[in-house]
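Text of start_24.cif, listed as mmCIF, C-alpha atoms:
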data_my_file
loop_
_atom_site.group_PDB
_atom_site.id
_atom_site.type_symbol
_atom_site.label_atom_id
_atom_site.label_comp_id
_atom_site.auth_asym_id
_atom_site.auth_seq_id
_atom_site.Cartn_x
_atom_site.Cartn_y
_atom_site.Cartn_z
ATOM 1 C CA MET A 849 99.507 106.132 91.842
ATOM 2 C CA THR A 850 96.113 104.871 90.673
ATOM 3 C CA GLU A 851 97.619 101.566 89.507
ATOM 4 C CA ARG A 852 97.872 100.061 93.002
ATOM 5 C CA PRO A 853 94.128 100.116 93.798
ATOM 6 C CA ALA A 854 93.362 98.814 90.315
ATOM 7 C CA ARG A 855 95.911 95.992 90.693
ATOM 8 C CA ALA A 856 94.581 95.038 94.112
ATOM 9 C CA ALA A 857 91.021 95.114 92.814
ATOM 10 C CA SER A 858 91.802 93.049 89.710
ATOM 11 C CA ALA A 859 93.533 90.424 91.855
ATOM 12 C CA ALA A 860 90.448 90.277 94.058
ATOM 13 C CA VAL A 861 88.192 89.861 91.011
ATOM 14 C CA ASP A 862 89.817 86.495 90.379
ATOM 15 C CA ASP A 863 88.851 85.438 93.912
ATOM 16 C CA ALA A 864 85.282 86.635 93.320
ATOM 17 C CA ALA A 865 84.784 84.441 90.254
ATOM 18 C CA GLU A 866 82.832 81.829 92.198
ATOM 19 C CA LEU A 867 80.529 84.272 94.006
ATOM 20 C CA THR A 868 76.902 84.729 93.018
ATOM 21 C CA PRO A 869 75.846 88.231 91.906
ATOM 22 C CA ALA A 870 74.067 88.815 95.222
ATOM 23 C CA GLU A 871 77.136 87.741 97.202
ATOM 24 C CA LEU A 872 79.315 89.897 95.004
ATOM 25 C CA ALA A 873 77.082 92.950 95.519
ATOM 26 C CA ALA A 874 77.174 92.364 99.263
ATOM 27 C CA LYS A 875 80.963 92.072 99.183
ATOM 28 C CA VAL A 876 81.324 95.313 97.213
ATOM 29 C CA ALA A 877 78.985 97.136 99.601
ATOM 30 C CA GLY A 878 80.874 95.710 102.569
ATOM 31 C CA LEU A 879 84.241 96.839 101.210
ATOM 32 C CA ARG A 880 82.979 100.360 100.669
ATOM 33 C CA ARG A 881 81.337 100.454 104.112
ATOM 34 C CA ASP A 882 84.527 99.180 105.776
ATOM 35 C CA ALA A 883 86.602 101.794 103.957
ATOM 36 C CA VAL A 884 84.322 104.615 105.105
ATOM 37 C CA LYS A 885 84.294 103.280 108.677
ATOM 38 C CA GLY A 886 88.077 102.963 108.647
ATOM 39 C CA LYS A 887 88.524 106.558 107.537
ATOM 40 C CA ARG A 888 86.152 107.738 110.254
ATOM 41 C CA ARG A 889 87.944 105.678 112.903
ATOM 42 C CA LEU A 890 91.346 106.999 111.918
ATOM 43 C CA ALA A 891 90.188 110.610 111.855
ATOM 44 C CA SER A 892 88.355 110.255 115.169
ATOM 45 C CA SER A 893 91.410 108.637 116.756
ATOM 46 C CA VAL A 894 93.629 111.542 115.778
ATOM 47 C CA LEU A 895 91.136 114.014 117.224
ATOM 48 C CA ALA A 896 90.757 111.972 120.410
ATOM 49 C CA MET A 897 94.519 111.986 120.955
ATOM 50 C CA GLU A 898 94.560 115.695 120.300
ATOM 51 C CA VAL A 899 92.098 116.281 123.149
ATOM 52 C CA VAL A 900 94.778 115.109 125.577
ATOM 53 C CA VAL A 901 97.328 117.402 123.956
ATOM 54 C CA PHE A 902 95.078 120.454 124.323
ATOM 55 C CA TRP A 903 94.381 119.638 127.976
ATOM 56 C CA LEU A 904 98.098 119.323 128.690
ATOM 57 C CA ALA A 905 98.822 122.486 126.695
ATOM 58 C CA ILE A 906 96.738 124.436 129.229
ATOM 59 C CA ILE A 907 99.216 123.538 131.955
ATOM 60 C CA VAL A 908 102.216 124.257 129.762
ATOM 61 C CA ALA A 909 100.772 127.623 128.709
ATOM 62 C CA ILE A 910 100.248 128.662 132.311
ATOM 63 C CA VAL A 911 103.479 127.331 133.819
ATOM 64 C CA MET A 912 106.033 127.668 131.018
ATOM 65 C CA SER A 913 104.675 130.501 128.878
ATOM 66 C CA GLY A 914 103.173 132.644 131.626
ATOM 67 C CA VAL A 915 99.706 132.811 130.097
ATOM 68 C CA ALA A 916 97.005 133.825 132.570
ATOM 69 C CA PRO A 917 94.894 130.864 133.694
ATOM 70 C CA ALA A 918 91.764 132.864 132.823
ATOM 71 C CA VAL A 919 92.939 132.869 129.199
ATOM 72 C CA ALA A 920 94.687 129.490 128.884
ATOM 73 C CA ALA A 921 91.903 127.409 130.425
ATOM 74 C CA PRO A 922 89.001 128.616 128.222
ATOM 75 C CA VAL A 923 91.083 128.434 125.042
ATOM 76 C CA GLY A 924 92.411 124.947 125.823
ATOM 77 C CA VAL A 925 89.005 123.676 126.888
ATOM 78 C CA ALA A 926 87.382 125.129 123.756
ATOM 79 C CA LEU A 927 89.940 123.451 121.511
ATOM 80 C CA ALA A 928 89.603 120.137 123.355
ATOM 81 C CA LEU A 929 85.802 120.301 123.165
ATOM 82 C CA GLY A 930 86.087 121.187 119.488
ATOM 83 C CA CYS A 931 88.019 117.968 118.951
ATOM 84 C CA VAL A 932 85.407 115.966 120.857
ATOM 85 C CA VAL A 933 82.525 117.503 118.882
ATOM 86 C CA VAL A 934 84.203 117.025 115.509
ATOM 87 C CA ALA A 935 85.170 113.435 116.381
ATOM 88 C CA ALA A 936 81.573 112.733 117.379
ATOM 89 C CA MET A 937 80.237 114.311 114.183
ATOM 90 C CA ILE A 938 82.777 112.718 111.835
ATOM 91 C CA LYS A 939 79.945 111.158 109.793
ATOM 92 C CA ARG A 940 79.043 114.623 108.554
ATOM 93 C CA PRO A 941 80.968 115.903 105.511
ATOM 94 C CA TRP A 942 81.759 119.241 107.163
ATOM 95 C CA ALA A 943 83.575 117.489 110.035
ATOM 96 C CA TYR A 944 86.654 116.817 107.920
ATOM 97 C CA GLY A 945 86.932 120.523 107.118
ATOM 98 C CA ALA A 946 86.486 121.337 110.795
ATOM 99 C CA GLY A 947 89.264 118.865 111.546
ATOM 100 C CA TRP A 948 91.577 120.797 109.232
ATOM 101 C CA VAL A 949 90.654 123.995 111.094
ATOM 102 C CA LEU A 950 91.510 122.328 114.404
ATOM 103 C CA GLN A 951 94.882 121.281 112.996
ATOM 104 C CA ALA A 952 95.570 124.872 111.947
ATOM 105 C CA LEU A 953 94.572 126.101 115.407
ATOM 106 C CA ALA A 954 96.908 123.564 117.015
ATOM 107 C CA LEU A 955 99.754 124.962 114.924
ATOM 108 C CA ALA A 956 98.710 128.514 115.766
ATOM 109 C CA CYS A 957 98.994 127.676 119.467
ATOM 110 C CA GLY A 958 102.711 127.467 118.791
ATOM 111 C CA PHE A 959 102.905 131.249 118.853
ATOM 112 C CA VAL A 960 102.107 131.095 122.573
ATOM 113 C CA VAL A 961 103.423 127.647 123.545
ATOM 114 C CA HIS A 962 106.360 127.077 121.211
ATOM 115 C CA THR A 963 106.277 123.308 121.658
ATOM 116 C CA MET A 964 102.880 123.312 119.964
ATOM 117 C CA PHE A 965 104.601 124.059 116.656
ATOM 118 C CA VAL A 966 106.159 120.601 116.829
ATOM 119 C CA VAL A 967 103.163 118.858 118.378
ATOM 120 C CA GLY A 968 100.766 120.631 116.007
ATOM 121 C CA ALA A 969 102.883 119.599 113.024
ATOM 122 C CA ILE A 970 102.867 115.991 114.219
ATOM 123 C CA PHE A 971 99.082 116.000 114.526
ATOM 124 C CA LEU A 972 98.740 117.735 111.173
ATOM 125 C CA LEU A 973 100.741 114.897 109.613
ATOM 126 C CA LEU A 974 98.670 112.309 111.473
ATOM 127 C CA TRP A 975 95.445 113.970 110.279
ATOM 128 C CA PHE A 976 96.731 114.071 106.701
ATOM 129 C CA ALA A 977 97.812 110.425 106.888
ATOM 130 C CA ALA A 978 94.479 109.318 108.359
ATOM 131 C CA LEU A 979 92.532 110.979 105.563
ATOM 132 C CA ARG A 980 94.949 109.771 102.909
ATOM 133 C CA VAL A 981 94.805 106.142 104.077
ATOM 134 C CA GLY A 982 91.022 106.321 104.336
ATOM 135 C CA ASP A 983 90.741 107.731 100.821
ATOM 136 C CA ALA A 984 93.096 105.036 99.508
ATOM 137 C CA ALA A 985 90.894 102.330 101.045
ATOM 138 C CA MET A 986 87.862 103.884 99.366
ATOM 139 C CA ARG A 987 89.699 103.965 96.028
ATOM 140 C CA VAL A 988 90.492 100.253 96.378
ATOM 141 C CA ALA A 989 86.837 99.510 97.141
ATOM 142 C CA ASP A 990 85.720 101.605 94.161
ATOM 143 C CA ALA A 991 88.266 99.939 91.874
ATOM 144 C CA TYR A 992 87.056 96.529 93.034
ATOM 145 C CA ALA A 993 83.464 97.547 92.366
ATOM 146 C CA ALA A 994 84.406 98.772 88.888
ATOM 147 C CA SER A 995 86.352 95.584 88.172
ATOM 148 C CA VAL A 996 83.569 93.239 89.147
ATOM 149 C CA ALA A 997 80.929 95.389 87.446
ATOM 150 C CA GLY A 998 82.347 94.364 84.077
ATOM 151 C CA ARG A 999 82.082 90.686 85.005
ATOM 152 C CA GLY A 1000 78.357 90.572 84.379
ATOM 153 C CA PRO A 1001 75.766 88.374 86.111
ATOM 154 C CA ASP A 1002 76.355 85.286 83.939
ATOM 155 C CA MET A 1003 80.163 85.065 84.165
#
Would you kindly transcribe this structure into C-alpha cells?
Amino acid sequence: MTERPARAASAAVDDAAELTPAELAAKVAGLRRDAVKGKRRLASSVLAMEVVVFWLAIIVAIVMSGVAPAVAAPVGVALALGCVVVAAMIKRPWAYGAGWVLQALALACGFVVHTMFVVGAIFLLLWFAALRVGDAAMRVADAYAASVAGRGPDM
C-alpha cells in the first residue's frame, strides 16, 4: 500500500531533475500545502452536505416519526450548526475528531428516523473516504519530499 506514493514520487523526481534547489523546495512545500488544503476541502464538503441532511431530517422526524417539533427542531439545528462549526474550524486538529463524533451522531439519529441509518452510513463512508484520500495525498507529497531530499543540491 505504501508502494504507490513512493512510485509516484520517484517518477516525479525524474521530472524535477532540472529544477534548482530553491524551485524544488518551493515545489515540495506546494505539494504538501495542496495536499493539506485538499483534505480540508473534502472534509468540509462532506460536513456542508450533511448540514442539509440534518435540516431535512427535522421535517422527517416530525412528520414521519412523530417526534415533537420542540424536540426535533433543537436537535436538528444543533447537529446542523455542529457541522457548520466543525467545517469552519477544520484547520484545527480537533475538528477531525469532532467530525467523527458528528458521523456517529448522524448514525444514532437512525434510532428515531430509521432512514438516518442509511444516510448516516453514507456520510460516514464519505467522511472516511475524504480523510483517506487527503491522507494519501499527504503521503505522496511526503514521499516526493523524501525522494528529492536524497538528490542533493549539486545533482
Taken to one decimal, the CA of Val884 (chain A)-CA of Ala984 (chain A) distance is 10.4 Å
Compile the contact shell of region 920-931 of chain A as a PyMOL selection string: residues with an atom at most 7 Å away, counting all atoms listed in the file, same-chain residues fewer than 5 positions apart removed.
chain A and resi 895-896+899+902-903+905-906+909-910+915
So the first atom is CA of Met964 (chain A) and the second is CA of Tyr944 (chain A); what is the distance between them in Å, to one decimal place?
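CA of Tyr944 (chain A) lies at a distance of 21.2 Å from CA of Met964 (chain A).
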At what distance in Å, to one decimal, does CA of Trp942 (chain A) lie from CA of Gly982 (chain A)?
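Straight-line distance from CA of Gly982 (chain A) to CA of Trp942 (chain A) works out to 16.1 Å.
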Could you tell me, as a list of chain:residue names, exactly which residues end up selected when the PyMOL selection byres ((chain A and resi 873) around 12) is applied to this structure?
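Taken on the displayed file, the PyMOL selection byres ((chain A and resi 873) around 12) yields the residues A:Ala864, A:Leu867, A:Thr868, A:Pro869, A:Ala870, A:Glu871, A:Leu872, A:Ala874, A:Lys875, A:Val876, A:Ala877, A:Gly878, A:Leu879, A:Arg880, A:Ala989, A:Tyr992, A:Ala993, A:Ala994, A:Val996, A:Ala997, A:Arg999, A:Gly1000, A:Pro1001.
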Fewer than 4 positions away in the same chain doesn't count, so skip those; otherwise give me all residues within 9 Å of Ile938 (chain A), counting only C-alpha atoms, as an mmCIF file with C-alpha atoms, keeping the file's coordinate frame.
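The file below, selection-v3.cif, is the result:
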data_model
loop_
_atom_site.group_PDB
_atom_site.id
_atom_site.type_symbol
_atom_site.label_atom_id
_atom_site.label_comp_id
_atom_site.auth_asym_id
_atom_site.auth_seq_id
_atom_site.Cartn_x
_atom_site.Cartn_y
_atom_site.Cartn_z
ATOM 1 C CA ARG A 888 86.152 107.738 110.254
ATOM 2 C CA ARG A 889 87.944 105.678 112.903
ATOM 3 C CA ALA A 891 90.188 110.610 111.855
ATOM 4 C CA SER A 892 88.355 110.255 115.169
ATOM 5 C CA VAL A 933 82.525 117.503 118.882
ATOM 6 C CA VAL A 934 84.203 117.025 115.509
ATOM 7 C CA TRP A 942 81.759 119.241 107.163
ATOM 8 C CA ALA A 943 83.575 117.489 110.035
ATOM 9 C CA TYR A 944 86.654 116.817 107.920
ATOM 10 C CA GLY A 947 89.264 118.865 111.546
#
Would you translate the PyMOL selection byres ((chain A and resi 985) around 10) into the concrete set of residues it matches in this file, as a PyMOL selection string?
chain A and resi 853+879-880+882-884+886-887+979-984+986-991
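Between Gly958 (chain A) and the residues A:Ser893, A:Val908, A:Trp975, A:Lys885, the shortest atom-to-atom distance, using all atoms listed in the file, involves A:Val908.
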Under the rule that all atoms listed in the file are counted, which of A:Ala952, A:Val967, A:Ala977, A:Val919 is the nearest residue to Ile907 (chain A)?
A:Val919
Please write the residues picked by the PyMOL selection byres ((chain A and resi 970) around 12) on this file as a list in words.
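Going through the file, the PyMOL selection byres ((chain A and resi 970) around 12) ends up selecting Val894, Met897, Glu898, Val901, Gln951, Ala952, Ala954, Leu955, Thr963, Met964, Phe965, Val966, Val967, Gly968, Ala969, Phe971, Leu972, Leu973, Leu974, Trp975, Phe976 and Ala977 of chain A.
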